[in-house]
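Let me begin by presenting the structure, written as structure tokens, before commenting on it.
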Amino acid sequence: MQSISAGLASPRTSTSGSARLPFVLHASILIALLAASSAPTPLYSRYQAQWHLSALDITVVFSAYALALLIALLTTGTLSDHVGRRPVLMGALAVQVASMALFATAGGLATLIGARVLQGLATGAATSAAGAALLDLESPTRPGRSALANSIAPVTGMAVGVMGATVLVRFAPAPTITVYMVLVALFAAQTAALAWTSETVRPRPGGLRSMRPHLALPPAAAHALLLNGAGVVAIWALGGFYSSLGPAFARLISPEGPESAGGMVFFTLTAVAALTVYLTRKVRADVSALLGSCAVIPAAGLSLGALFLGSLFLLFAGAALAGFGFGAVSQGALRTVVGSVPAGEKGGTLASYYVLSYLAMSLPAIGAGALTAEFGLRTAALAYAGCVAVLAGIAVVALSASLRGRRRTPPHPTHLGLAAMDTASIAAGAATHASRVQTTHNR
């Protein structure tokens with residue numbers, strides 16, 4: 001991560017323990033933001049039953065968040081460089097509190113969509129600023145700590161959020177209110193703690209101009225993204241399916257199973273993905289992406305086996321394998337794509353990567369919802385799994401051919417400074433540095 005920010009910002013470093021608490025605070029903000037993003041997943045079945053929502057309605061609610069997040073990342077990613085991290089974070093957390101309150105008082109589909117849009121905008125702005133603050137607080141005595149935190153925290157947050165919401169659904173009164181009130185209290189506490197932290201950057205003019213969206217994909221990065229694109233689309237589409245339709249899918253497989261099964265499926269995927277990001281952080285990027293792509297194919301097969309055999313065990317096994325694929329492909333592909341360009345072009349490349357990722361996460365989920373509404377969830381799951389498996393197969397063929405080609409030629413050094421950076425959350429770094437590159441270019 002140091003290589004990206006070099007020349008683009010003036011991060012504050014600390015050799016003492018004075019930055020430890022602010023570092024933990026900003027990492028906890030990332031975790032809380034992504035926990036809130038996954039908290040509605042175990043509640044979708046209740047919303048469907050209470051308001052007679054279709055599968056398409058649920059996927060629209062889910063995709064509204066993803067698309068709003070993408071817009072926020074591309075427009076507010078560098079705002080904290082100009083006005084400071086704290087103002088952006090405190091403002092975004094205030095909007096996040098409002099979105100949680102809207103969730104808690106929701107009375108129908110329109111309110112849910114509005115709450116998700118607010119949540120997406122707040123999460124995009126806050127994750128950019130929190131991720132940048134972690135870079136500012138990088139310690140020379142612990143190099144790479146910020147990159148790892150930016151990688152692990154978001155996926156960990158999604159796992160914690162869906163687990164916490166699942167527990168509250170099982171044991172707490174009025175879970176559709178309690179889940180969000182707990183998050184309101186957490187975000188309010190974090191906002192208060194931010195008021196006592198020091199600003200990590202010096203404000204400068206140009207904030208409004210920095211909010212103009214800008215994407216850049218150099219030829220080398222375009223080639224790397226083309227090579228890894230099928231695998232990236234496959235794993236993000238699979239993640240979108242489990243996040244939006246996972247509870248309904250679990251209920252279809254085991255109608256008499258526990259209500260918590262739907263939430264625990266997505267928890268399994270995200271928890272395994274977080275562990276995989278950490279364990280594969282030192283594996284060669286193309287090898288990691290290839291291993292992850294290989295795992296996606298049997299993961300889809302296990303999910304279909306669970307559907308036909310009515311087995312929750314197979315469903316969870318498929319989710320675990322999908323989590324491994326998600327973690328391995330996302331960080332391996334990202335290292336390959338970003339490592340192919342010089343430091344001054346990494347920001348735009350990252351943003352382009354995440355445009356593809358979030359579109360792959362949201363648009364196929366909407367398609368699956370439409371198929372479900374027209375032909376039923378069983379048919380939609382069959383089509384979805386088949387498409388994901390085909391994309392993963394294309395990725396395996398492309399990556400295998402690339403590896404064979406490399407064995408025939410002398411290896412070239414590749415910068416791997418972004419080792420172990422993951423999805424969800426490298427999203428913060430993606431937009432931040434994309435807009436930094438834009439602002440530097442404008443000046």
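Naming scheme: A, B, ... for chains in displayed order of the structure tokens; residues 1 onward per chain; ligands 1 onward as shown.
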Practice task
Write out as a PyMOL selection string which residues come within 9 Å of Leu89 of chain A when counting only C-alpha atoms, dropping same-chain ones fewer than 5 positions away.
Solution key: chain A and resi 80+84+94+122+125-130+191+194
Give me the segment 207-264 of chain A side of the contact with segment 374-387 of chain A, cut-off 12 Å, one line per residue showing its nearest atom pair and distance in Å at one decimal, counting only C-alpha atoms, sorted by chain and residue number, as CSV.
```
residue,atom,partner,partner_atom,distance
A:Ala230,CA,A:Cys387,CA,10.6
A:Gly231,CA,A:Cys387,CA,11.5
A:Val233,CA,A:Cys387,CA,10.4
A:Ala234,CA,A:Cys387,CA,8.1
A:Ile235,CA,A:Ala385,CA,11.1
A:Ala237,CA,A:Tyr384,CA,8.8
A:Leu238,CA,A:Ala385,CA,8.2
A:Gly239,CA,A:Tyr384,CA,11.7
A:Gly240,CA,A:Tyr384,CA,11.0
A:Phe241,CA,A:Tyr384,CA,8.4
A:Tyr242,CA,A:Ala381,CA,10.6
A:Leu245,CA,A:Leu377,CA,8.8
A:Gly246,CA,A:Ala381,CA,10.3
A:Pro247,CA,A:Leu377,CA,11.5
A:Ala248,CA,A:Leu377,CA,8.2
A:Phe249,CA,A:Leu377,CA,7.3
A:Ala250,CA,A:Leu377,CA,10.8
A:Arg251,CA,A:Leu377,CA,10.6
A:Leu252,CA,A:Leu377,CA,7.9
A:Ile253,CA,A:Arg378,CA,9.3
```
Prev. selection, N, CA, C and O atoms, output as a compact mmCIF listing (two decimals), in the first residue's frame:
```
# COMPACT_ATOMS: atom_id res chain seq x y z
N ALA A 230 -13.00 -13.28 -15.86
CA ALA A 230 -14.03 -14.30 -15.71
C ALA A 230 -14.10 -14.81 -14.28
O ALA A 230 -15.19 -14.99 -13.73
N GLY A 231 -12.94 -15.02 -13.68
CA GLY A 231 -12.92 -15.48 -12.30
C GLY A 231 -13.46 -14.43 -11.35
O GLY A 231 -14.18 -14.74 -10.39
N VAL A 233 -15.66 -12.00 -12.00
CA VAL A 233 -17.12 -11.93 -12.15
C VAL A 233 -17.79 -13.13 -11.48
O VAL A 233 -18.81 -13.00 -10.81
N ALA A 234 -17.19 -14.31 -11.63
CA ALA A 234 -17.77 -15.52 -11.05
C ALA A 234 -17.88 -15.44 -9.54
O ALA A 234 -18.93 -15.72 -8.96
N ILE A 235 -16.78 -15.02 -8.87
CA ILE A 235 -16.82 -15.04 -7.40
C ILE A 235 -17.67 -13.90 -6.83
O ILE A 235 -18.36 -14.08 -5.82
N ALA A 237 -20.28 -12.54 -8.37
CA ALA A 237 -21.67 -12.92 -8.65
C ALA A 237 -22.14 -13.97 -7.65
O ALA A 237 -23.28 -13.93 -7.16
N LEU A 238 -21.26 -14.92 -7.32
CA LEU A 238 -21.62 -15.95 -6.34
C LEU A 238 -21.85 -15.33 -4.96
O LEU A 238 -22.80 -15.69 -4.25
N GLY A 239 -21.00 -14.37 -4.59
CA GLY A 239 -21.20 -13.68 -3.33
C GLY A 239 -22.52 -12.92 -3.29
O GLY A 239 -23.22 -12.91 -2.27
N GLY A 240 -22.88 -12.29 -4.41
CA GLY A 240 -24.15 -11.58 -4.48
C GLY A 240 -25.34 -12.51 -4.34
O GLY A 240 -26.35 -12.18 -3.69
N PHE A 241 -25.24 -13.70 -4.92
CA PHE A 241 -26.33 -14.67 -4.82
C PHE A 241 -26.52 -15.11 -3.37
O PHE A 241 -27.65 -15.13 -2.85
N TYR A 242 -25.44 -15.49 -2.71
CA TYR A 242 -25.55 -15.97 -1.32
C TYR A 242 -26.03 -14.86 -0.39
O TYR A 242 -26.73 -15.12 0.59
N LEU A 245 -30.06 -14.03 -1.98
CA LEU A 245 -31.02 -15.14 -2.06
C LEU A 245 -30.61 -16.34 -1.21
O LEU A 245 -31.31 -17.36 -1.22
N GLY A 246 -29.50 -16.22 -0.46
CA GLY A 246 -29.04 -17.33 0.37
C GLY A 246 -30.09 -17.83 1.35
O GLY A 246 -30.35 -19.05 1.44
N PRO A 247 -30.76 -16.94 2.12
CA PRO A 247 -31.78 -17.43 3.06
C PRO A 247 -32.94 -18.16 2.37
O PRO A 247 -33.39 -19.20 2.85
N ALA A 248 -33.41 -17.62 1.24
CA ALA A 248 -34.50 -18.28 0.52
C ALA A 248 -34.03 -19.62 -0.05
O ALA A 248 -34.79 -20.61 -0.07
N PHE A 249 -32.78 -19.67 -0.49
CA PHE A 249 -32.22 -20.91 -1.04
C PHE A 249 -32.13 -21.98 0.05
O PHE A 249 -32.46 -23.15 -0.17
N ALA A 250 -31.68 -21.57 1.25
CA ALA A 250 -31.60 -22.52 2.36
C ALA A 250 -32.98 -23.03 2.74
O ALA A 250 -33.15 -24.22 3.05
N ARG A 251 -33.97 -22.16 2.71
CA ARG A 251 -35.33 -22.57 3.05
C ARG A 251 -35.91 -23.52 1.99
O ARG A 251 -36.66 -24.44 2.31
N LEU A 252 -35.54 -23.30 0.71
CA LEU A 252 -35.99 -24.19 -0.35
C LEU A 252 -35.39 -25.58 -0.17
O LEU A 252 -36.08 -26.59 -0.36
N ILE A 253 -34.12 -25.63 0.22
CA ILE A 253 -33.44 -26.91 0.40
C ILE A 253 -33.97 -27.66 1.61
O ILE A 253 -34.18 -28.87 1.59
```
Handout entry: Residues within 10 Å of Ala222 of chain A, only C-alpha atoms, excluding chain neighbours under 2 positions, as a PyMOL selection string
Key = chain A and resi 216-220+224-229+337+340-341+349+352-353
Residue subset to file, keeping all heavy atoms, as an mmCIF file, in the first residue's frame:
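Listed below is the output, out.cif:
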```cif
data_model
loop_
_atom_site.group_PDB
_atom_site.id
_atom_site.type_symbol
_atom_site.label_atom_id
_atom_site.label_comp_id
_atom_site.auth_asym_id
_atom_site.auth_seq_id
_atom_site.Cartn_x
_atom_site.Cartn_y
_atom_site.Cartn_z
ATOM 1 N N ALA A 216 -9.516 4.849 -15.022
ATOM 2 C CA ALA A 216 -8.382 4.703 -15.932
ATOM 3 C C ALA A 216 -7.915 3.260 -15.886
ATOM 4 O O ALA A 216 -7.757 2.689 -14.815
ATOM 5 C CB ALA A 216 -7.248 5.640 -15.533
ATOM 6 N N LEU A 217 -7.699 2.681 -17.055
ATOM 7 C CA LEU A 217 -7.233 1.304 -17.120
ATOM 8 C C LEU A 217 -6.119 1.209 -18.164
ATOM 9 O O LEU A 217 -6.385 1.085 -19.359
ATOM 10 C CB LEU A 217 -8.389 0.367 -17.495
ATOM 11 C CG LEU A 217 -8.152 -1.125 -17.276
ATOM 12 C CD1 LEU A 217 -7.909 -1.406 -15.795
ATOM 13 C CD2 LEU A 217 -9.338 -1.926 -17.765
ATOM 14 N N PRO A 218 -4.850 1.301 -17.730
ATOM 15 C CA PRO A 218 -3.721 1.217 -18.658
ATOM 16 C C PRO A 218 -3.722 -0.116 -19.405
ATOM 17 O O PRO A 218 -4.305 -1.110 -18.928
ATOM 18 C CB PRO A 218 -2.498 1.329 -17.734
ATOM 19 C CG PRO A 218 -3.004 1.971 -16.483
ATOM 20 C CD PRO A 218 -4.419 1.497 -16.338
ATOM 21 N N PRO A 219 -3.064 -0.184 -20.562
ATOM 22 C CA PRO A 219 -3.070 -1.420 -21.368
ATOM 23 C C PRO A 219 -2.615 -2.654 -20.597
ATOM 24 O O PRO A 219 -3.220 -3.724 -20.721
ATOM 25 C CB PRO A 219 -2.116 -1.078 -22.515
ATOM 26 C CG PRO A 219 -2.196 0.408 -22.649
ATOM 27 C CD PRO A 219 -2.376 0.928 -21.258
ATOM 28 N N ALA A 220 -1.564 -2.529 -19.795
ATOM 29 C CA ALA A 220 -1.076 -3.694 -19.041
ATOM 30 C C ALA A 220 -2.126 -4.186 -18.057
ATOM 31 O O ALA A 220 -2.344 -5.390 -17.897
ATOM 32 C CB ALA A 220 0.209 -3.336 -18.298
ATOM 33 N N ALA A 224 -4.288 -7.772 -17.846
ATOM 34 C CA ALA A 224 -4.372 -8.566 -16.615
ATOM 35 C C ALA A 224 -5.821 -8.750 -16.178
ATOM 36 O O ALA A 224 -6.212 -9.835 -15.723
ATOM 37 C CB ALA A 224 -3.561 -7.897 -15.503
ATOM 38 N N LEU A 225 -6.641 -7.713 -16.326
ATOM 39 C CA LEU A 225 -8.047 -7.809 -15.939
ATOM 40 C C LEU A 225 -8.805 -8.728 -16.888
ATOM 41 O O LEU A 225 -9.692 -9.479 -16.457
ATOM 42 C CB LEU A 225 -8.684 -6.421 -15.921
ATOM 43 C CG LEU A 225 -10.087 -6.335 -15.308
ATOM 44 C CD1 LEU A 225 -10.083 -6.857 -13.875
ATOM 45 C CD2 LEU A 225 -10.592 -4.893 -15.336
ATOM 46 N N LEU A 226 -8.444 -8.706 -18.162
ATOM 47 C CA LEU A 226 -9.068 -9.615 -19.115
ATOM 48 C C LEU A 226 -8.739 -11.061 -18.758
ATOM 49 O O LEU A 226 -9.595 -11.950 -18.829
ATOM 50 C CB LEU A 226 -8.592 -9.291 -20.535
ATOM 51 C CG LEU A 226 -9.164 -10.160 -21.663
ATOM 52 C CD1 LEU A 226 -10.675 -9.963 -21.758
ATOM 53 C CD2 LEU A 226 -8.502 -9.804 -22.996
ATOM 54 N N LEU A 227 -7.489 -11.289 -18.348
ATOM 55 C CA LEU A 227 -7.055 -12.626 -17.975
ATOM 56 C C LEU A 227 -7.815 -13.135 -16.751
ATOM 57 O O LEU A 227 -8.195 -14.304 -16.672
ATOM 58 C CB LEU A 227 -5.548 -12.626 -17.698
ATOM 59 C CG LEU A 227 -4.912 -13.941 -17.261
ATOM 60 C CD1 LEU A 227 -4.995 -14.974 -18.382
ATOM 61 C CD2 LEU A 227 -3.457 -13.718 -16.846
ATOM 62 N N ASN A 228 -8.040 -12.250 -15.779
ATOM 63 C CA ASN A 228 -8.673 -12.638 -14.521
ATOM 64 C C ASN A 228 -10.163 -12.311 -14.457
ATOM 65 O O ASN A 228 -10.825 -12.659 -13.476
ATOM 66 C CB ASN A 228 -7.982 -11.924 -13.348
ATOM 67 C CG ASN A 228 -6.586 -12.429 -13.093
ATOM 68 O OD1 ASN A 228 -6.393 -13.385 -12.359
ATOM 69 N ND2 ASN A 228 -5.591 -11.775 -13.699
ATOM 70 N N GLY A 229 -10.674 -11.621 -15.482
ATOM 71 C CA GLY A 229 -12.032 -11.086 -15.411
ATOM 72 C C GLY A 229 -13.101 -12.134 -15.195
ATOM 73 O O GLY A 229 -14.036 -11.921 -14.410
ATOM 74 N N VAL A 337 -3.604 -7.589 -11.263
ATOM 75 C CA VAL A 337 -4.035 -6.430 -12.041
ATOM 76 C C VAL A 337 -3.265 -5.181 -11.632
ATOM 77 O O VAL A 337 -2.729 -4.456 -12.472
ATOM 78 C CB VAL A 337 -5.557 -6.214 -11.879
ATOM 79 C CG1 VAL A 337 -5.994 -4.900 -12.511
ATOM 80 C CG2 VAL A 337 -6.318 -7.374 -12.502
ATOM 81 N N SER A 340 0.599 -4.836 -12.317
ATOM 82 C CA SER A 340 1.035 -4.692 -13.707
ATOM 83 C C SER A 340 1.205 -3.241 -14.137
ATOM 84 O O SER A 340 1.583 -2.975 -15.271
ATOM 85 C CB SER A 340 0.014 -5.368 -14.636
ATOM 86 O OG SER A 340 -1.243 -4.712 -14.555
ATOM 87 N N VAL A 341 0.922 -2.276 -13.238
ATOM 88 C CA VAL A 341 0.986 -0.867 -13.617
ATOM 89 C C VAL A 341 1.881 -0.117 -12.646
ATOM 90 O O VAL A 341 2.067 -0.529 -11.505
ATOM 91 C CB VAL A 341 -0.420 -0.227 -13.631
ATOM 92 C CG1 VAL A 341 -1.295 -0.890 -14.666
ATOM 93 C CG2 VAL A 341 -1.066 -0.293 -12.263
ATOM 94 N N THR A 349 -6.676 2.141 -11.812
ATOM 95 C CA THR A 349 -6.797 0.702 -12.077
ATOM 96 C C THR A 349 -7.642 0.022 -11.018
ATOM 97 O O THR A 349 -8.507 -0.809 -11.315
ATOM 98 C CB THR A 349 -5.399 0.066 -12.125
ATOM 99 O OG1 THR A 349 -4.619 0.712 -13.137
ATOM 100 C CG2 THR A 349 -5.491 -1.417 -12.429
ATOM 101 N N SER A 352 -11.317 0.846 -11.535
ATOM 102 C CA SER A 352 -11.870 0.079 -12.648
ATOM 103 C C SER A 352 -12.155 -1.358 -12.235
ATOM 104 O O SER A 352 -13.179 -1.942 -12.603
ATOM 105 C CB SER A 352 -10.896 0.095 -13.828
ATOM 106 O OG SER A 352 -10.688 1.417 -14.283
ATOM 107 N N TYR A 353 -11.232 -1.925 -11.453
ATOM 108 C CA TYR A 353 -11.419 -3.290 -10.959
ATOM 109 C C TYR A 353 -12.707 -3.387 -10.135
ATOM 110 O O TYR A 353 -13.486 -4.334 -10.288
ATOM 111 C CB TYR A 353 -10.216 -3.694 -10.110
ATOM 112 C CG TYR A 353 -10.345 -5.044 -9.438
ATOM 113 C CD1 TYR A 353 -9.912 -6.196 -10.075
ATOM 114 C CD2 TYR A 353 -10.917 -5.165 -8.170
ATOM 115 C CE1 TYR A 353 -10.023 -7.442 -9.471
ATOM 116 C CE2 TYR A 353 -11.039 -6.394 -7.557
ATOM 117 C CZ TYR A 353 -10.588 -7.529 -8.203
ATOM 118 O OH TYR A 353 -10.718 -8.754 -7.596
#
```
Write out as a compact mmCIF listing (two decimals) with C-alpha atoms, in the first residue's frame each polymer residue whose atoms come within 7 Å of Ser99 of chain A, counting only C-alpha atoms; drop sequence neighbours fewer than 2 positions from it.
```txt
# COMPACT_ATOMS: atom_id res chain seq x y z
CA VAL A 95 -25.89 9.10 7.59
CA GLN A 96 -25.29 5.48 8.57
CA VAL A 97 -27.18 6.05 11.84
CA ALA A 101 -33.12 4.15 12.01
CA LEU A 102 -34.89 3.88 8.65
CA PHE A 103 -34.39 0.11 8.67
CA ALA A 115 -32.46 2.60 3.77
CA LEU A 118 -28.49 5.63 2.31
CA GLN A 119 -26.41 2.82 3.77
```
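Excluding Leu208 of chain A and any residue on its chain fewer than 6 positions from it, the residues at most 10 Å away by only C-alpha atoms are Thr75, Thr76, Thr78, Leu79 and His82 of chain A.
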Restricting it to all heavy atoms, dump the selection as a compact mmCIF listing (two decimals), in the first residue's frame.
```
# COMPACT_ATOMS: atom_id res chain seq x y z
N THR A 75 -17.10 8.89 -6.22
CA THR A 75 -17.27 10.34 -6.12
C THR A 75 -16.70 10.94 -4.85
O THR A 75 -16.27 12.10 -4.85
CB THR A 75 -18.76 10.72 -6.20
OG1 THR A 75 -19.48 10.00 -5.19
CG2 THR A 75 -19.34 10.37 -7.57
N THR A 76 -16.68 10.20 -3.76
CA THR A 76 -16.21 10.77 -2.48
C THR A 76 -14.91 10.14 -2.01
O THR A 76 -14.48 10.39 -0.89
CB THR A 76 -17.28 10.58 -1.38
OG1 THR A 76 -17.46 9.17 -1.13
CG2 THR A 76 -18.60 11.19 -1.79
N THR A 78 -11.78 10.64 -2.57
CA THR A 78 -10.68 11.51 -2.18
C THR A 78 -11.11 12.73 -1.38
O THR A 78 -10.29 13.60 -1.08
CB THR A 78 -9.91 11.98 -3.43
OG1 THR A 78 -8.67 12.55 -3.03
CG2 THR A 78 -10.71 12.99 -4.21
N LEU A 79 -12.39 12.81 -1.05
CA LEU A 79 -12.88 13.98 -0.33
C LEU A 79 -12.16 14.18 1.00
O LEU A 79 -11.85 15.31 1.39
CB LEU A 79 -14.39 13.84 -0.09
CG LEU A 79 -15.09 15.03 0.55
CD1 LEU A 79 -14.95 16.29 -0.33
CD2 LEU A 79 -16.57 14.71 0.79
N HIS A 82 -9.05 16.30 1.18
CA HIS A 82 -9.20 17.76 1.10
C HIS A 82 -9.80 18.35 2.36
O HIS A 82 -9.36 19.42 2.80
CB HIS A 82 -10.07 18.11 -0.11
CG HIS A 82 -9.47 17.70 -1.41
ND1 HIS A 82 -8.62 18.52 -2.13
CD2 HIS A 82 -9.57 16.55 -2.13
CE1 HIS A 82 -8.24 17.89 -3.23
NE2 HIS A 82 -8.79 16.70 -3.25
```
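One distance worth recording is that between atom CA of Tyr354 of chain A and atom CA of Leu134 of chain A, which is 19.7 Å.
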Practice task
Name all residues at most 8 Å from Tyr358 of chain A (count only C-alpha atoms; drop same-chain ones fewer than 5 positions away) and give them as a VMD selection string.
Solution key: chain A and resid 66 to 67 70 236
Exercise for the section: Just the residues within 9 Å of segment 25-39 of chain A, please, counting only C-alpha atoms, with nothing from its chain fewer than 5 positions along; format it as a PyMOL selection string. Expected result: chain A and resi 20+65+93+96+100+116+119-120+122-123+126-127+130-131+133-134+149-150+152-166+179-180+183+186-187+190+193-194+243+263+266+424-425
Using the selection just defined, write its residues with N, CA and C atoms as a short mmCIF file (atom, residue, chain, number, x, y, z; two decimals), in the first residue's frame.
```cif
data_model
loop_
_atom_site.label_atom_id
_atom_site.label_comp_id
_atom_site.auth_asym_id
_atom_site.auth_seq_id
_atom_site.Cartn_x
_atom_site.Cartn_y
_atom_site.Cartn_z
N ARG A 20 -1.74 3.54 18.05
CA ARG A 20 -2.37 2.23 18.15
C ARG A 20 -3.87 2.33 18.33
N TYR A 65 -28.05 -1.25 -2.52
CA TYR A 65 -26.89 -0.97 -1.66
C TYR A 65 -25.59 -1.02 -2.46
N LEU A 93 -20.89 8.50 9.18
CA LEU A 93 -21.46 7.71 10.27
C LEU A 93 -22.82 8.26 10.69
N GLN A 96 -25.12 6.91 8.27
CA GLN A 96 -25.29 5.48 8.57
C GLN A 96 -26.29 5.27 9.71
N MET A 100 -29.82 3.20 9.62
CA MET A 100 -30.22 2.17 10.57
C MET A 100 -31.59 2.48 11.18
N ARG A 116 -31.32 1.10 2.23
CA ARG A 116 -30.14 0.49 1.61
C ARG A 116 -29.35 1.50 0.78
N GLN A 119 -27.49 3.62 3.20
CA GLN A 119 -26.41 2.82 3.77
C GLN A 119 -25.25 2.67 2.79
N GLY A 120 -25.56 2.45 1.52
CA GLY A 120 -24.51 2.31 0.52
C GLY A 120 -23.70 3.58 0.35
N ALA A 122 -23.32 6.02 2.58
CA ALA A 122 -22.54 6.25 3.80
C ALA A 122 -21.35 5.30 3.88
N THR A 123 -21.57 4.04 3.52
CA THR A 123 -20.50 3.05 3.61
C THR A 123 -19.39 3.36 2.62
N ALA A 126 -17.45 6.40 3.99
CA ALA A 126 -16.73 6.12 5.23
C ALA A 126 -15.61 5.12 5.03
N THR A 127 -15.82 4.10 4.22
CA THR A 127 -14.76 3.12 4.02
C THR A 127 -13.57 3.75 3.30
N ALA A 130 -11.85 5.82 6.13
CA ALA A 130 -11.26 4.95 7.16
C ALA A 130 -10.07 4.18 6.61
N GLY A 131 -10.20 3.67 5.37
CA GLY A 131 -9.07 2.96 4.76
C GLY A 131 -7.88 3.87 4.56
N ALA A 133 -7.22 6.54 6.36
CA ALA A 133 -6.68 6.83 7.69
C ALA A 133 -5.78 5.70 8.16
N LEU A 134 -6.13 4.47 7.86
CA LEU A 134 -5.26 3.35 8.21
C LEU A 134 -3.92 3.46 7.50
N ALA A 149 -5.02 -4.89 7.24
CA ALA A 149 -6.24 -4.43 7.90
C ALA A 149 -7.30 -4.06 6.86
N ASN A 150 -6.90 -3.37 5.79
CA ASN A 150 -7.84 -3.01 4.73
C ASN A 150 -8.40 -4.25 4.04
N ILE A 152 -8.61 -7.58 5.55
CA ILE A 152 -9.31 -8.51 6.43
C ILE A 152 -10.55 -7.89 7.06
N ALA A 153 -10.47 -6.61 7.44
CA ALA A 153 -11.56 -6.00 8.22
C ALA A 153 -12.92 -6.07 7.54
N PRO A 154 -13.04 -5.74 6.25
CA PRO A 154 -14.38 -5.76 5.65
C PRO A 154 -15.01 -7.14 5.60
N VAL A 155 -14.23 -8.15 5.19
CA VAL A 155 -14.81 -9.50 5.10
C VAL A 155 -15.13 -10.02 6.50
N THR A 156 -14.26 -9.70 7.47
CA THR A 156 -14.54 -10.05 8.85
C THR A 156 -15.82 -9.37 9.32
N GLY A 157 -15.99 -8.10 8.94
CA GLY A 157 -17.19 -7.37 9.31
C GLY A 157 -18.45 -8.02 8.77
N MET A 158 -18.42 -8.46 7.50
CA MET A 158 -19.60 -9.12 6.93
C MET A 158 -19.92 -10.39 7.69
N ALA A 159 -18.87 -11.15 8.08
CA ALA A 159 -19.09 -12.38 8.83
C ALA A 159 -19.68 -12.07 10.21
N VAL A 160 -19.11 -11.07 10.89
CA VAL A 160 -19.60 -10.71 12.22
C VAL A 160 -21.03 -10.19 12.15
N GLY A 161 -21.34 -9.38 11.12
CA GLY A 161 -22.67 -8.80 10.99
C GLY A 161 -23.75 -9.85 10.80
N VAL A 162 -23.48 -10.80 9.90
CA VAL A 162 -24.51 -11.81 9.65
C VAL A 162 -24.64 -12.76 10.84
N MET A 163 -23.53 -13.04 11.52
CA MET A 163 -23.60 -13.89 12.71
C MET A 163 -24.37 -13.19 13.84
N GLY A 164 -24.01 -11.92 14.09
CA GLY A 164 -24.69 -11.18 15.15
C GLY A 164 -26.18 -11.04 14.90
N ALA A 165 -26.54 -10.73 13.65
CA ALA A 165 -27.96 -10.59 13.32
C ALA A 165 -28.68 -11.93 13.45
N THR A 166 -28.02 -13.01 13.07
CA THR A 166 -28.63 -14.34 13.19
C THR A 166 -28.91 -14.68 14.65
N VAL A 179 -31.74 -5.42 15.95
CA VAL A 179 -30.50 -5.51 15.16
C VAL A 179 -29.98 -4.12 14.83
N TYR A 180 -30.86 -3.26 14.38
CA TYR A 180 -30.44 -1.93 13.93
C TYR A 180 -30.18 -0.97 15.09
N LEU A 183 -26.69 -1.48 16.21
CA LEU A 183 -25.75 -0.83 15.30
C LEU A 183 -25.77 0.69 15.48
N LEU A 186 -23.56 1.41 18.32
CA LEU A 186 -22.16 1.21 17.97
C LEU A 186 -21.62 2.37 17.14
N PHE A 187 -22.37 2.80 16.15
CA PHE A 187 -21.92 3.92 15.31
C PHE A 187 -21.87 5.22 16.10
N GLN A 190 -18.67 5.15 18.09
CA GLN A 190 -17.50 5.38 17.22
C GLN A 190 -17.40 6.85 16.83
N ALA A 193 -15.92 8.65 19.73
CA ALA A 193 -14.49 8.37 19.84
C ALA A 193 -13.69 9.13 18.81
N LEU A 194 -14.25 9.29 17.60
CA LEU A 194 -13.56 10.04 16.56
C LEU A 194 -13.32 11.49 16.97
N SER A 243 -25.62 -13.62 -0.67
CA SER A 243 -26.01 -12.53 0.20
C SER A 243 -27.48 -12.16 0.05
N GLY A 263 -28.89 -17.25 7.29
CA GLY A 263 -27.82 -16.33 7.67
C GLY A 263 -26.49 -17.02 7.85
N PHE A 266 -24.32 -17.52 4.60
CA PHE A 266 -23.50 -16.38 4.18
C PHE A 266 -22.37 -16.14 5.17
N ALA A 424 -14.13 -6.52 -0.39
CA ALA A 424 -14.97 -5.56 0.22
C ALA A 424 -14.29 -4.42 0.72
N SER A 425 -13.56 -4.55 0.79
CA SER A 425 -12.92 -3.48 1.57
C SER A 425 -11.75 -2.87 0.99
#
```
Can you list every residue of segment 345-400 of chain A that has an atom at most 10 Å from segment 285-295 of chain A, with its nearest atom pair and the distance in Å to one decimal, using only C-alpha atoms, ordered by chain then number, as CSV?
```
residue,atom,partner,partner_atom,distance
A:Ala389,CA,A:Ser293,CA,9.1
A:Leu391,CA,A:Ser293,CA,8.8
A:Ala392,CA,A:Ser293,CA,5.3
A:Gly393,CA,A:Ser293,CA,7.4
A:Ile394,CA,A:Ser293,CA,9.0
A:Ala395,CA,A:Ser293,CA,6.4
A:Val396,CA,A:Leu290,CA,5.9
A:Val397,CA,A:Leu290,CA,9.0
A:Ala398,CA,A:Leu290,CA,9.1
A:Leu399,CA,A:Leu290,CA,6.0
A:Ser400,CA,A:Leu290,CA,7.2
```
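Picture a line from atom CA of Arg145 of chain A to atom CA of Ile71 of chain A; it runs 27.8 Å.
Of the listed residues A:Ser244, A:Ala174, A:Leu74, A:Ala271, the one whose atoms come nearest to Tyr44 of chain A is A:Ser244, with distances taken using only C-alpha atoms.
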Practice task
Tell me, in Å to one decimal, how far atom CA of Ala195 of chain A is from atom CA of Arg86 of chain A.
Solution key: 7.7 Å
